[in-house]
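Everything below concerns the one structure shown next.
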Amino acid sequence: MGIHEKYDVLIAGGGLAGLTLALQLKQARPDISILVLEKRAASASSATHKVGESLSELGSSYLRVVLNLKDYLNEQQLPKFGFRFFFSPEHRDDISRRVEVGSKISDPYPSHQVDRGLLENELVKRLLEYDVEVVLGAKVIDVRLSKTGHELVFEKEQVQCHIKGTWIVDSTGRNGLLKRKLSLEKEINHDINAAWFRLNAVIDIDDWSENLAWRKFVDPGRRRLATNHLVGEGYWIWIIPLVSGKTSIGIVADPRYHSFLEYNNFEKGFKWMEKHEPLAAKMLSEHKEHILDFKVMKHLAYDSKQFYSTDRWALTGDAGAFMDPLYSPGIDFIALGNSWITELIVCDISGKDTALQTLIYDLAHKELLNGWINLYKNMYGVFGKTQVMLMKIAWDWACYWAIPNVIFMNKGYTNVEFLKQYSSSNPAIGKKFASLNVNMQQLFGTWAKYDVKPCRDHQQNVFDLKCLREFHRELGTIYKPGELLSKVQSNLKILELIGAEIFRLVSSSLHDTPGDMQVDPYEMKIDEGKDELLRRSHGQDALAVDEGIRSDISGLWLQKIKILENELV
């Protein structure tokens with residue numbers, strides 16, 4: 001199979017974003033001609049050193065359902081036992097005393113921990129079966145854009161090649177080939193740094209404590225299969241298992257709390273852990289000689305002024321934007337971006353006018369990023385406040401499962417009519433959702449500034465909350481086109497009740513407002529003071545207590561336990 005002079009689609013970069021896009025395009029339009037250029041000269045190694053090993057539900061749905069990789073993932077990659085968080089950093093030397101948040105049973109919607117090297121090799125194999133040209137060892141030098149057809153210049157084995165394409169998609173990662181070419185760089189107000197490494201060893205957190213009662217909270221081996229997080233003020237650490245028997249370890253921190261110079265090499269990273277996570281340092285030090293690699297990255301978060309163009313170019317994956325690895329959104333945005341790009345290319349090749357589609361998809365991508373970044377922005381200082389984080393985790397998961405997952409799994413993000421209704425209905429659901437989330441994130445940030453007492457000795461099964469259990473159980477449900485908007489609306493109403501109940505609890509604790517105070521979760525601010533909050537509670541949009549939601553959310557409130565203990569003392 002040789003390289004041709006011209007292709008329908010040129011994909012610069014053969015990592016996960018580029019390879020999955022090529023597969024999605026071929027499955028949508030088998031006659032399309034595609035060339036993928038990847039600078040890596042050979043097959044990817046096991047445990048390839050890349051961020052993005054943990055799948056969230058949206059990304060899992062993309063790989064399993066959209067790309068038909070379900071059997072491969074079930075047979076060749078690890079199942080994921082959800083996200084698991086260990087707060088209470090004041091007990092960092094005894095994991096059994098920390099507040100643990102996760103699932104006690106397998107998540108209703110399946111997900112995976114993926115070895116990126118093995119997955120990318122599998123994708124290359126499948127693409128070759130589809131007659132997609134995948135050229136390894138190809139270094140892209142330049143791209144020359146033209147409305148009559150683009151030209152991509154690359155070098156392989158010291159020979160320079162010029163290839164033409166109707167469409168060009170940049171999947172070159174943080175290098176941002178097109179972003180630099182078109183000056184699309186855009187700052188994002190979120191500064192974090194990271195260091196991560198792989199150990200050729202199985203790390204099982206169950207082994208970190210001899211407390212049998214603590215161990216029995218979940219079945220043996222389940223904790224290891226989770227994406228485990230150790231969380232403290234200004235930082236979090238990930239521990240992710242890989243199918244090859246290796247383990248990925250990462251440190252992500254805000255430089256306002258932890259200087260990058262304190263952990264920017266392997267030895268300094270361990271010293272940093274000895275100070276901030278001594279038990280983790282002790283347990284991991286037994287495997288220090290099994291280190292496979294170490295990588296650092298400063299200023300992880302960045303944005304782009306544009307993602308899709310009527311001039312037939314697009315950015316996907318890290319070539320466009322990246323926010324934060326917390327909650328593993330990287331593959332989610334690959335799924336979203338590739339789905340938008342596939343729809344644009346297929347429609348364009350079919351002779352349809354894509355001008356309006358391009359505008360709407362680009363706007364949808366930007367709005368989604370603008371909403372998502374609020375989960376992280378100015379939040380690293382909150383990470384050490386366990387009670388606040390317990391509520392924030394529940395809120396963030398509820399939002400993720402209730403809105404973006406439902407829309408993606410029902411192809412709503414590529415449905416122009418749905419997006420119009422979602423963004424411009426009166427009142428616009430998308431704008432309401434974004435506004436509600438902004439107000440809730442501000443609540444968490446403000447609440448954390450008060451003297452929040454430490455919490456300990458608590459294990460929280462996330463699916464004990466009926467509202468979260470129902471949101472997750474319904475993932476993958478397919479709704480008729482006319483039903484999708486109604487489902488999103490009804491889910492938003494549940495989120496409003498959850499937000500109001502969290503606000504009610506916090507206000508009662510801080511301002512001694514009544515436990516049955518009505519709350520407008522869009523407008524009321526926790527720093528307004530008791531008198532103003534009581535006045536606002538009589539507004540026409542203020543919500544009364546919902547007893548079902550109250551029962552759920554009150555189970556997350558640990559402060560009352562500590563207050564009672566202090567009173568007894």
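By convention in this document, the chains of the structure tokens carry letters A, B, ... by their order, each chain's residues are numbered from 1, and ligands are numbered from 1 in the order they are shown.
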Inset, instruction - Would you mind listing what lies within 12 Å of Asp332 (chain A) as a ChimeraX atom specification, with only C-alpha atoms counted and same-chain residues fewer than 6 positions away left out? - result: /A:16-17,52-63,316-318,322-323,325,338-339,365,368-369,372,400,404-405,408-409
Need the shell around Glu470 (chain A): protein/DNA/RNA residues with any atom at most 10 Å away, counting only C-alpha atoms. Skip same-chain ones fewer than 4 positions apart. Format as a compact mmCIF listing (two decimals) with C-alpha atoms, in the first residue's frame?
```txt
# COMPACT_ATOMS: atom_id res chain seq x y z
CA PRO A 108 -23.90 0.55 36.32
CA ALA A 398 -24.35 14.67 39.15
CA TRP A 401 -23.99 12.26 34.33
CA ALA A 402 -27.18 14.33 34.05
CA PHE A 463 -24.46 5.18 44.91
CA LEU A 465 -27.41 8.68 46.94
CA LYS A 466 -30.51 7.78 44.97
CA GLU A 474 -29.91 5.81 33.06
CA LEU A 475 -26.64 6.34 31.16
```
Legend entry - All residues 8 Å or closer to Ile291 (chain A), only C-alpha atoms, same chain fewer than 2 positions away omitted, as JSON, numbers by chain: {"A": [197, 198, 199, 200, 287, 288, 289, 293, 294]}
Pull N, CA and C atoms from the residues just selected and write them as a PDB file, in the first residue's frame.
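Printed below is selection-v6.pdb as written:
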```pdb
ATOM      1  N   PHE A 197       4.877   9.298  36.413  1.00  0.00           N
ATOM      2  CA  PHE A 197       5.811   8.218  36.106  1.00  0.00           C
ATOM      3  C   PHE A 197       5.067   6.896  36.119  1.00  0.00           C
ATOM      4  N   ARG A 198       5.721   5.865  35.566  1.00  0.00           N
ATOM      5  CA  ARG A 198       5.171   4.510  35.571  1.00  0.00           C
ATOM      6  C   ARG A 198       6.087   3.602  36.365  1.00  0.00           C
ATOM      7  N   LEU A 199       5.455   2.724  37.149  1.00  0.00           N
ATOM      8  CA  LEU A 199       6.192   1.703  37.876  1.00  0.00           C
ATOM      9  C   LEU A 199       5.840   0.341  37.292  1.00  0.00           C
ATOM     10  N   ASN A 200       6.840  -0.488  37.134  1.00  0.00           N
ATOM     11  CA  ASN A 200       6.605  -1.853  36.645  1.00  0.00           C
ATOM     12  C   ASN A 200       6.231  -2.721  37.841  1.00  0.00           C
ATOM     13  N   HIS A 287       8.981   0.069  45.409  1.00  0.00           N
ATOM     14  CA  HIS A 287       9.035  -0.264  43.982  1.00  0.00           C
ATOM     15  C   HIS A 287       9.841   0.764  43.191  1.00  0.00           C
ATOM     16  N   LYS A 288      10.616   1.596  43.884  1.00  0.00           N
ATOM     17  CA  LYS A 288      11.340   2.664  43.189  1.00  0.00           C
ATOM     18  C   LYS A 288      12.275   2.142  42.116  1.00  0.00           C
ATOM     19  N   GLU A 289      12.852   0.965  42.359  1.00  0.00           N
ATOM     20  CA  GLU A 289      13.787   0.431  41.366  1.00  0.00           C
ATOM     21  C   GLU A 289      13.081  -0.050  40.103  1.00  0.00           C
ATOM     22  N   ASP A 293       9.741   5.307  33.645  1.00  0.00           N
ATOM     23  CA  ASP A 293       9.904   6.598  32.984  1.00  0.00           C
ATOM     24  C   ASP A 293       9.445   7.700  33.945  1.00  0.00           C
ATOM     25  N   PHE A 294       9.737   8.925  33.587  1.00  0.00           N
ATOM     26  CA  PHE A 294       9.315  10.074  34.382  1.00  0.00           C
ATOM     27  C   PHE A 294       9.150  11.250  33.430  1.00  0.00           C
TER      28      PHE A 294
END
```
Go through region 66-279 of chain A and collect every residue that DSSP, computed from the backbone, puts in helix (DSSP H, G or I); the answer should be as a PDB file with N, CA and C atoms, in the first residue's frame.
```pdb
ATOM      1  N   VAL A  66     -19.585   4.062  19.892  1.00  0.00           N
ATOM      2  CA  VAL A  66     -19.392   4.765  18.623  1.00  0.00           C
ATOM      3  C   VAL A  66     -18.358   4.050  17.758  1.00  0.00           C
ATOM      4  N   LYS A  70     -16.113  -2.316  22.100  1.00  0.00           N
ATOM      5  CA  LYS A  70     -16.577  -2.920  23.343  1.00  0.00           C
ATOM      6  C   LYS A  70     -15.874  -4.244  23.632  1.00  0.00           C
ATOM      7  N   ASP A  71     -15.877  -5.173  22.669  1.00  0.00           N
ATOM      8  CA  ASP A  71     -15.273  -6.493  22.899  1.00  0.00           C
ATOM      9  C   ASP A  71     -13.782  -6.368  23.180  1.00  0.00           C
ATOM     10  N   TYR A  72     -13.101  -5.515  22.421  1.00  0.00           N
ATOM     11  CA  TYR A  72     -11.667  -5.329  22.646  1.00  0.00           C
ATOM     12  C   TYR A  72     -11.391  -4.815  24.052  1.00  0.00           C
ATOM     13  N   LEU A  73     -12.135  -3.800  24.475  1.00  0.00           N
ATOM     14  CA  LEU A  73     -11.913  -3.221  25.801  1.00  0.00           C
ATOM     15  C   LEU A  73     -12.219  -4.230  26.901  1.00  0.00           C
ATOM     16  N   ASN A  74     -13.285  -5.007  26.729  1.00  0.00           N
ATOM     17  CA  ASN A  74     -13.633  -6.015  27.731  1.00  0.00           C
ATOM     18  C   ASN A  74     -12.569  -7.100  27.848  1.00  0.00           C
ATOM     19  N   GLU A  75     -11.973  -7.467  26.721  1.00  0.00           N
ATOM     20  CA  GLU A  75     -11.049  -8.606  26.691  1.00  0.00           C
ATOM     21  C   GLU A  75      -9.590  -8.215  26.881  1.00  0.00           C
ATOM     22  N   GLN A  76      -9.209  -7.001  26.449  1.00  0.00           N
ATOM     23  CA  GLN A  76      -7.786  -6.654  26.413  1.00  0.00           C
ATOM     24  C   GLN A  76      -7.376  -5.504  27.335  1.00  0.00           C
ATOM     25  N   PRO A  89      -6.546  15.166  54.420  1.00  0.00           N
ATOM     26  CA  PRO A  89      -5.082  15.098  54.334  1.00  0.00           C
ATOM     27  C   PRO A  89      -4.396  15.149  55.693  1.00  0.00           C
ATOM     28  N   GLU A  90      -5.109  15.580  56.735  1.00  0.00           N
ATOM     29  CA  GLU A  90      -4.507  15.578  58.076  1.00  0.00           C
ATOM     30  C   GLU A  90      -4.252  14.160  58.566  1.00  0.00           C
ATOM     31  N   HIS A  91      -4.816  13.148  57.892  1.00  0.00           N
ATOM     32  CA  HIS A  91      -4.558  11.739  58.221  1.00  0.00           C
ATOM     33  C   HIS A  91      -3.815  11.054  57.078  1.00  0.00           C
ATOM     34  N   ILE A  95      -4.381   5.754  55.876  1.00  0.00           N
ATOM     35  CA  ILE A  95      -5.427   5.864  54.861  1.00  0.00           C
ATOM     36  C   ILE A  95      -6.780   5.406  55.385  1.00  0.00           C
ATOM     37  N   SER A  96      -6.797   4.559  56.397  1.00  0.00           N
ATOM     38  CA  SER A  96      -8.074   4.078  56.932  1.00  0.00           C
ATOM     39  C   SER A  96      -8.815   5.151  57.717  1.00  0.00           C
ATOM     40  N   ARG A  97      -8.122   6.246  58.100  1.00  0.00           N
ATOM     41  CA  ARG A  97      -8.773   7.349  58.821  1.00  0.00           C
ATOM     42  C   ARG A  97      -9.309   8.414  57.862  1.00  0.00           C
ATOM     43  N   ARG A 116      -2.474   2.996  26.981  1.00  0.00           N
ATOM     44  CA  ARG A 116      -2.541   3.782  25.756  1.00  0.00           C
ATOM     45  C   ARG A 116      -1.727   3.167  24.621  1.00  0.00           C
ATOM     46  N   GLY A 117      -0.576   2.586  24.960  1.00  0.00           N
ATOM     47  CA  GLY A 117       0.234   1.975  23.912  1.00  0.00           C
ATOM     48  C   GLY A 117      -0.495   0.826  23.234  1.00  0.00           C
ATOM     49  N   LEU A 118      -1.057  -0.064  24.034  1.00  0.00           N
ATOM     50  CA  LEU A 118      -1.782  -1.209  23.474  1.00  0.00           C
ATOM     51  C   LEU A 118      -3.001  -0.746  22.682  1.00  0.00           C
ATOM     52  N   LEU A 119      -3.717   0.244  23.195  1.00  0.00           N
ATOM     53  CA  LEU A 119      -4.905   0.733  22.497  1.00  0.00           C
ATOM     54  C   LEU A 119      -4.539   1.366  21.157  1.00  0.00           C
ATOM     55  N   GLU A 120      -3.506   2.181  21.140  1.00  0.00           N
ATOM     56  CA  GLU A 120      -3.126   2.838  19.887  1.00  0.00           C
ATOM     57  C   GLU A 120      -2.636   1.823  18.857  1.00  0.00           C
ATOM     58  N   ASN A 121      -1.938   0.789  19.293  1.00  0.00           N
ATOM     59  CA  ASN A 121      -1.529  -0.263  18.358  1.00  0.00           C
ATOM     60  C   ASN A 121      -2.731  -0.992  17.779  1.00  0.00           C
ATOM     61  N   GLU A 122      -3.737  -1.236  18.606  1.00  0.00           N
ATOM     62  CA  GLU A 122      -4.961  -1.887  18.132  1.00  0.00           C
ATOM     63  C   GLU A 122      -5.679  -1.007  17.108  1.00  0.00           C
ATOM     64  N   LEU A 123      -5.695   0.288  17.352  1.00  0.00           N
ATOM     65  CA  LEU A 123      -6.339   1.203  16.410  1.00  0.00           C
ATOM     66  C   LEU A 123      -5.619   1.223  15.066  1.00  0.00           C
ATOM     67  N   VAL A 124      -4.288   1.223  15.092  1.00  0.00           N
ATOM     68  CA  VAL A 124      -3.523   1.177  13.840  1.00  0.00           C
ATOM     69  C   VAL A 124      -3.855  -0.094  13.076  1.00  0.00           C
ATOM     70  N   LYS A 125      -3.904  -1.214  13.768  1.00  0.00           N
ATOM     71  CA  LYS A 125      -4.235  -2.496  13.134  1.00  0.00           C
ATOM     72  C   LYS A 125      -5.602  -2.432  12.444  1.00  0.00           C
ATOM     73  N   ARG A 126      -6.576  -1.877  13.142  1.00  0.00           N
ATOM     74  CA  ARG A 126      -7.929  -1.789  12.568  1.00  0.00           C
ATOM     75  C   ARG A 126      -7.978  -0.830  11.387  1.00  0.00           C
ATOM     76  N   LEU A 127      -7.226   0.250  11.473  1.00  0.00           N
ATOM     77  CA  LEU A 127      -7.219   1.203  10.369  1.00  0.00           C
ATOM     78  C   LEU A 127      -6.608   0.591   9.113  1.00  0.00           C
ATOM     79  N   LEU A 128      -5.559  -0.183   9.282  1.00  0.00           N
ATOM     80  CA  LEU A 128      -4.954  -0.847   8.125  1.00  0.00           C
ATOM     81  C   LEU A 128      -5.942  -1.807   7.473  1.00  0.00           C
ATOM     82  N   GLU A 129      -6.767  -2.459   8.285  1.00  0.00           N
ATOM     83  CA  GLU A 129      -7.803  -3.347   7.742  1.00  0.00           C
ATOM     84  C   GLU A 129      -8.852  -2.569   6.970  1.00  0.00           C
ATOM     85  N   GLY A 173      -1.223  17.177  19.102  1.00  0.00           N
ATOM     86  CA  GLY A 173      -1.075  17.372  20.541  1.00  0.00           C
ATOM     87  C   GLY A 173      -0.702  18.797  20.885  1.00  0.00           C
ATOM     88  N   ARG A 174       0.012  18.947  21.985  1.00  0.00           N
ATOM     89  CA  ARG A 174       0.328  20.284  22.503  1.00  0.00           C
ATOM     90  C   ARG A 174       1.187  21.090  21.539  1.00  0.00           C
ATOM     91  N   ASN A 175       1.843  20.433  20.582  1.00  0.00           N
ATOM     92  CA  ASN A 175       2.645  21.169  19.598  1.00  0.00           C
ATOM     93  C   ASN A 175       1.782  22.123  18.785  1.00  0.00           C
ATOM     94  N   LEU A 177       0.175  22.260  15.586  1.00  0.00           N
ATOM     95  CA  LEU A 177       0.644  22.644  14.252  1.00  0.00           C
ATOM     96  C   LEU A 177      -0.192  23.783  13.666  1.00  0.00           C
ATOM     97  N   LEU A 178      -1.491  23.590  13.566  1.00  0.00           N
ATOM     98  CA  LEU A 178      -2.348  24.618  12.985  1.00  0.00           C
ATOM     99  C   LEU A 178      -2.538  25.797  13.932  1.00  0.00           C
ATOM    100  N   LYS A 179      -2.555  25.540  15.206  1.00  0.00           N
ATOM    101  CA  LYS A 179      -2.737  26.613  16.174  1.00  0.00           C
ATOM    102  C   LYS A 179      -1.622  27.641  16.042  1.00  0.00           C
ATOM    103  N   ARG A 180      -0.397  27.153  15.890  1.00  0.00           N
ATOM    104  CA  ARG A 180       0.739  28.062  15.703  1.00  0.00           C
ATOM    105  C   ARG A 180       0.675  28.740  14.332  1.00  0.00           C
ATOM    106  N   LYS A 181       0.315  27.975  13.323  1.00  0.00           N
ATOM    107  CA  LYS A 181       0.257  28.496  11.966  1.00  0.00           C
ATOM    108  C   LYS A 181      -0.754  29.630  11.844  1.00  0.00           C
ATOM    109  N   ILE A 205      -3.990  -0.418  46.784  1.00  0.00           N
ATOM    110  CA  ILE A 205      -4.170   0.420  47.973  1.00  0.00           C
ATOM    111  C   ILE A 205      -4.712  -0.379  49.149  1.00  0.00           C
ATOM    112  N   ASP A 206      -5.374  -1.501  48.887  1.00  0.00           N
ATOM    113  CA  ASP A 206      -5.826  -2.364  49.990  1.00  0.00           C
ATOM    114  C   ASP A 206      -4.666  -2.746  50.915  1.00  0.00           C
ATOM    115  N   ASP A 207      -3.469  -2.819  50.351  1.00  0.00           N
ATOM    116  CA  ASP A 207      -2.293  -3.218  51.134  1.00  0.00           C
ATOM    117  C   ASP A 207      -1.769  -2.096  52.022  1.00  0.00           C
ATOM    118  N   TRP A 208      -2.354  -0.906  51.936  1.00  0.00           N
ATOM    119  CA  TRP A 208      -1.828   0.240  52.660  1.00  0.00           C
ATOM    120  C   TRP A 208      -2.366   0.323  54.084  1.00  0.00           C
ATOM    121  N   LEU A 212      -9.089  -4.219  58.964  1.00  0.00           N
ATOM    122  CA  LEU A 212      -9.962  -5.125  58.221  1.00  0.00           C
ATOM    123  C   LEU A 212     -11.328  -4.509  57.949  1.00  0.00           C
ATOM    124  N   ALA A 213     -11.845  -3.734  58.891  1.00  0.00           N
ATOM    125  CA  ALA A 213     -13.145  -3.088  58.688  1.00  0.00           C
ATOM    126  C   ALA A 213     -13.072  -2.123  57.507  1.00  0.00           C
ATOM    127  N   TRP A 214     -11.965  -1.393  57.416  1.00  0.00           N
ATOM    128  CA  TRP A 214     -11.766  -0.471  56.299  1.00  0.00           C
ATOM    129  C   TRP A 214     -11.661  -1.240  54.991  1.00  0.00           C
ATOM    130  N   ARG A 215     -10.914  -2.304  54.991  1.00  0.00           N
ATOM    131  CA  ARG A 215     -10.745  -3.102  53.769  1.00  0.00           C
ATOM    132  C   ARG A 215     -12.067  -3.662  53.255  1.00  0.00           C
ATOM    133  N   ARG A 222     -10.879  -4.497  44.297  1.00  0.00           N
ATOM    134  CA  ARG A 222     -11.679  -3.477  43.631  1.00  0.00           C
ATOM    135  C   ARG A 222     -11.027  -2.093  43.713  1.00  0.00           C
ATOM    136  N   ARG A 223     -10.465  -1.768  44.882  1.00  0.00           N
ATOM    137  CA  ARG A 223      -9.830  -0.450  45.010  1.00  0.00           C
ATOM    138  C   ARG A 223      -8.722  -0.280  43.976  1.00  0.00           C
ATOM    139  N   ARG A 224      -7.969  -1.327  43.739  1.00  0.00           N
ATOM    140  CA  ARG A 224      -6.855  -1.225  42.782  1.00  0.00           C
ATOM    141  C   ARG A 224      -7.350  -0.829  41.398  1.00  0.00           C
ATOM    142  N   LEU A 225      -8.541  -1.308  41.030  1.00  0.00           N
ATOM    143  CA  LEU A 225      -9.053  -1.064  39.682  1.00  0.00           C
ATOM    144  C   LEU A 225      -9.664   0.321  39.520  1.00  0.00           C
ATOM    145  N   PHE A 260       6.663  23.987  41.455  1.00  0.00           N
ATOM    146  CA  PHE A 260       7.001  22.931  40.498  1.00  0.00           C
ATOM    147  C   PHE A 260       8.418  22.401  40.729  1.00  0.00           C
ATOM    148  N   LEU A 261       9.291  23.256  41.223  1.00  0.00           N
ATOM    149  CA  LEU A 261      10.681  22.858  41.456  1.00  0.00           C
ATOM    150  C   LEU A 261      10.811  21.820  42.569  1.00  0.00           C
ATOM    151  N   GLU A 262       9.756  21.666  43.376  1.00  0.00           N
ATOM    152  CA  GLU A 262       9.808  20.702  44.473  1.00  0.00           C
ATOM    153  C   GLU A 262       9.598  19.252  44.015  1.00  0.00           C
ATOM    154  N   PHE A 266      12.354  12.742  39.549  1.00  0.00           N
ATOM    155  CA  PHE A 266      11.867  11.568  40.275  1.00  0.00           C
ATOM    156  C   PHE A 266      12.227  11.618  41.758  1.00  0.00           C
ATOM    157  N   GLU A 267      13.472  11.924  42.078  1.00  0.00           N
ATOM    158  CA  GLU A 267      13.895  11.946  43.480  1.00  0.00           C
ATOM    159  C   GLU A 267      13.210  13.068  44.253  1.00  0.00           C
ATOM    160  N   LYS A 268      13.116  14.239  43.639  1.00  0.00           N
ATOM    161  CA  LYS A 268      12.429  15.346  44.317  1.00  0.00           C
ATOM    162  C   LYS A 268      10.943  15.046  44.473  1.00  0.00           C
ATOM    163  N   GLY A 269      10.373  14.352  43.487  1.00  0.00           N
ATOM    164  CA  GLY A 269       8.973  13.980  43.572  1.00  0.00           C
ATOM    165  C   GLY A 269       8.706  13.084  44.770  1.00  0.00           C
ATOM    166  N   PHE A 270       9.627  12.159  45.042  1.00  0.00           N
ATOM    167  CA  PHE A 270       9.461  11.277  46.197  1.00  0.00           C
ATOM    168  C   PHE A 270       9.633  12.048  47.505  1.00  0.00           C
ATOM    169  N   LYS A 271      10.550  12.977  47.533  1.00  0.00           N
ATOM    170  CA  LYS A 271      10.716  13.791  48.739  1.00  0.00           C
ATOM    171  C   LYS A 271       9.470  14.639  48.989  1.00  0.00           C
ATOM    172  N   TRP A 272       8.900  15.150  47.893  1.00  0.00           N
ATOM    173  CA  TRP A 272       7.665  15.923  48.021  1.00  0.00           C
ATOM    174  C   TRP A 272       6.551  15.037  48.598  1.00  0.00           C
ATOM    175  N   MET A 273       6.464  13.788  48.108  1.00  0.00           N
ATOM    176  CA  MET A 273       5.445  12.867  48.622  1.00  0.00           C
ATOM    177  C   MET A 273       5.711  12.503  50.078  1.00  0.00           C
ATOM    178  N   GLU A 274       6.979  12.353  50.463  1.00  0.00           N
ATOM    179  CA  GLU A 274       7.299  12.049  51.866  1.00  0.00           C
ATOM    180  C   GLU A 274       6.771  13.135  52.796  1.00  0.00           C
ATOM    181  N   LYS A 275       6.730  14.373  52.298  1.00  0.00           N
ATOM    182  CA  LYS A 275       6.242  15.489  53.098  1.00  0.00           C
ATOM    183  C   LYS A 275       4.707  15.569  53.085  1.00  0.00           C
ATOM    184  N   HIS A 276       4.104  15.413  51.910  1.00  0.00           N
ATOM    185  CA  HIS A 276       2.667  15.664  51.773  1.00  0.00           C
ATOM    186  C   HIS A 276       1.818  14.396  51.776  1.00  0.00           C
ATOM    187  N   PRO A 278       3.010  10.937  53.104  1.00  0.00           N
ATOM    188  CA  PRO A 278       4.067  10.035  53.594  1.00  0.00           C
ATOM    189  C   PRO A 278       3.727   8.561  53.447  1.00  0.00           C
ATOM    190  N   LEU A 279       2.485   8.166  53.625  1.00  0.00           N
ATOM    191  CA  LEU A 279       2.144   6.757  53.471  1.00  0.00           C
ATOM    192  C   LEU A 279       2.321   6.328  52.025  1.00  0.00           C
TER     193      LEU A 279
END
```
Inset, instruction - Using only C-alpha atoms, determine which residues lie at most 7 Å from Ile549 (chain A), disregarding the query and same-chain residues fewer than 4 positions distant; provide the list as a PyMOL selection string. - result: chain A and resi 497-498+553
Same residues, N, CA and C atoms, saved as a tab-separated table (two decimals), in the first residue's frame:
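Written output follows (part07.tsv):
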```
chain	number	residue	atom	x	y	z
A	497	LEU	N	-32.62	21.15	42.45
A	497	LEU	CA	-32.99	20.72	43.81
A	497	LEU	C	-31.76	20.30	44.61
A	498	ILE	N	-30.82	19.61	43.95
A	498	ILE	CA	-29.58	19.22	44.63
A	498	ILE	C	-28.80	20.47	45.04
A	553	ILE	N	-28.62	14.21	50.21
A	553	ILE	CA	-27.53	15.16	50.46
A	553	ILE	C	-27.14	15.21	51.94
```
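Each of A:Arg98, A:Arg535, A:Lys164, A:Lys377 was checked against Asp457 (chain A) using only C-alpha atoms; the smallest atom-to-atom distance is that of A:Arg98.
Taking CA of Leu492 (chain A) and CA of Gln387 (chain A) as endpoints, the distance between them is 24.1 Å.
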Inset, instruction - Point out the residue among A:Phe333, A:Tyr522, A:Trp397, A:Tyr235 with the least atom-to-atom distance to Glu496 (chain A), counting only C-alpha atoms. - result: A:Tyr522
Inset, instruction - Enumerate, as a ChimeraX atom specification, the complete set of residues in region 205-398 of chain A that a backbone-based DSSP assignment places in strand (DSSP E). - result: /A:227-232,235-241,247-253,291-297,303-304,308-309,313-315
Legend entry - Interatomic distance, CA of Asn410 (chain A) to CA of Tyr479 (chain A) (Å, one decimal): 6.7 Å
Within 10 Å of region 28-30 of chain A using only C-alpha atoms, minus same-chain residues under 6 positions, as a compact mmCIF listing (two decimals) with N, CA and C atoms, in the first residue's frame:
```
# COMPACT_ATOMS: atom_id res chain seq x y z
N ALA A 22 -9.81 8.80 12.56
CA ALA A 22 -9.73 8.06 11.29
C ALA A 22 -10.68 6.87 11.30
N VAL A 66 -19.58 4.06 19.89
CA VAL A 66 -19.39 4.76 18.62
C VAL A 66 -18.36 4.05 17.76
N LEU A 67 -17.23 3.65 18.36
CA LEU A 67 -16.16 3.01 17.59
C LEU A 67 -16.22 1.48 17.62
N TYR A 130 -9.01 -1.29 7.31
CA TYR A 130 -9.95 -0.41 6.61
C TYR A 130 -9.29 0.29 5.41
N ASP A 131 -8.04 -0.08 5.10
CA ASP A 131 -7.28 0.54 4.00
C ASP A 131 -6.99 2.02 4.26
N VAL A 132 -6.82 2.37 5.53
CA VAL A 132 -6.36 3.72 5.87
C VAL A 132 -4.84 3.71 5.86
N THR A 342 -16.22 14.54 12.31
CA THR A 342 -16.75 13.50 11.42
C THR A 342 -18.02 13.97 10.74
N GLU A 343 -18.92 14.58 11.50
CA GLU A 343 -20.17 15.05 10.92
C GLU A 343 -19.91 16.12 9.86
N ILE A 345 -17.12 16.60 8.03
CA ILE A 345 -16.45 16.05 6.85
C ILE A 345 -17.41 15.21 6.01
N VAL A 346 -18.19 14.36 6.66
CA VAL A 346 -19.13 13.51 5.92
C VAL A 346 -20.17 14.36 5.19
N ILE A 349 -18.38 16.15 2.19
CA ILE A 349 -18.09 15.24 1.08
C ILE A 349 -19.37 14.85 0.35
N SER A 350 -20.48 14.86 1.09
CA SER A 350 -21.78 14.54 0.48
C SER A 350 -22.36 15.73 -0.27
```
Inset, instruction - Tell me, in Å to one decimal, how far CA of Ala314 (chain A) is from CA of His190 (chain A). - result: 24.3 Å
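Minimum atom-to-atom distances from A:Ile34, A:Val438, A:Tyr109, A:Val519 to Leu505 (chain A) were compared using only C-alpha atoms, and the lowest value belongs to A:Val519.
Candidate residues A:Asn370, A:Leu69, A:Val488, A:Ile249 were compared for distance to Ser435 (chain A), and the nearest is A:Asn370, using only C-alpha atoms.
When the distance limit is 6 Å and only C-alpha atoms are what count, the residues near Asp8 (chain A), minus those fewer than 5 positions from it on the same chain, are Ser33, Gly165 and Thr166 of chain A.
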Please produce a file of those selected residues containing N, CA and C atoms, as a PDB file, in the first residue's frame.
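Final output, saved to selection-v5.pdb:
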```pdb
ATOM      1  N   SER A  33     -10.978   8.574   1.696  1.00  0.00           N
ATOM      2  CA  SER A  33      -9.534   8.284   1.697  1.00  0.00           C
ATOM      3  C   SER A  33      -8.859   9.123   2.783  1.00  0.00           C
ATOM      4  N   GLY A 165      -4.603  17.393   0.362  1.00  0.00           N
ATOM      5  CA  GLY A 165      -5.822  16.872   0.964  1.00  0.00           C
ATOM      6  C   GLY A 165      -6.941  17.895   0.933  1.00  0.00           C
ATOM      7  N   THR A 166      -8.161  17.416   0.811  1.00  0.00           N
ATOM      8  CA  THR A 166      -9.316  18.315   0.839  1.00  0.00           C
ATOM      9  C   THR A 166      -9.509  18.876   2.243  1.00  0.00           C
TER      10      THR A 166
END
```
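For the residues A:Ser486, A:Asn426, A:Ser309, A:Gln357, ranking by smallest atom-to-atom distance to Val406 (chain A) using only C-alpha atoms places A:Ser486 first.
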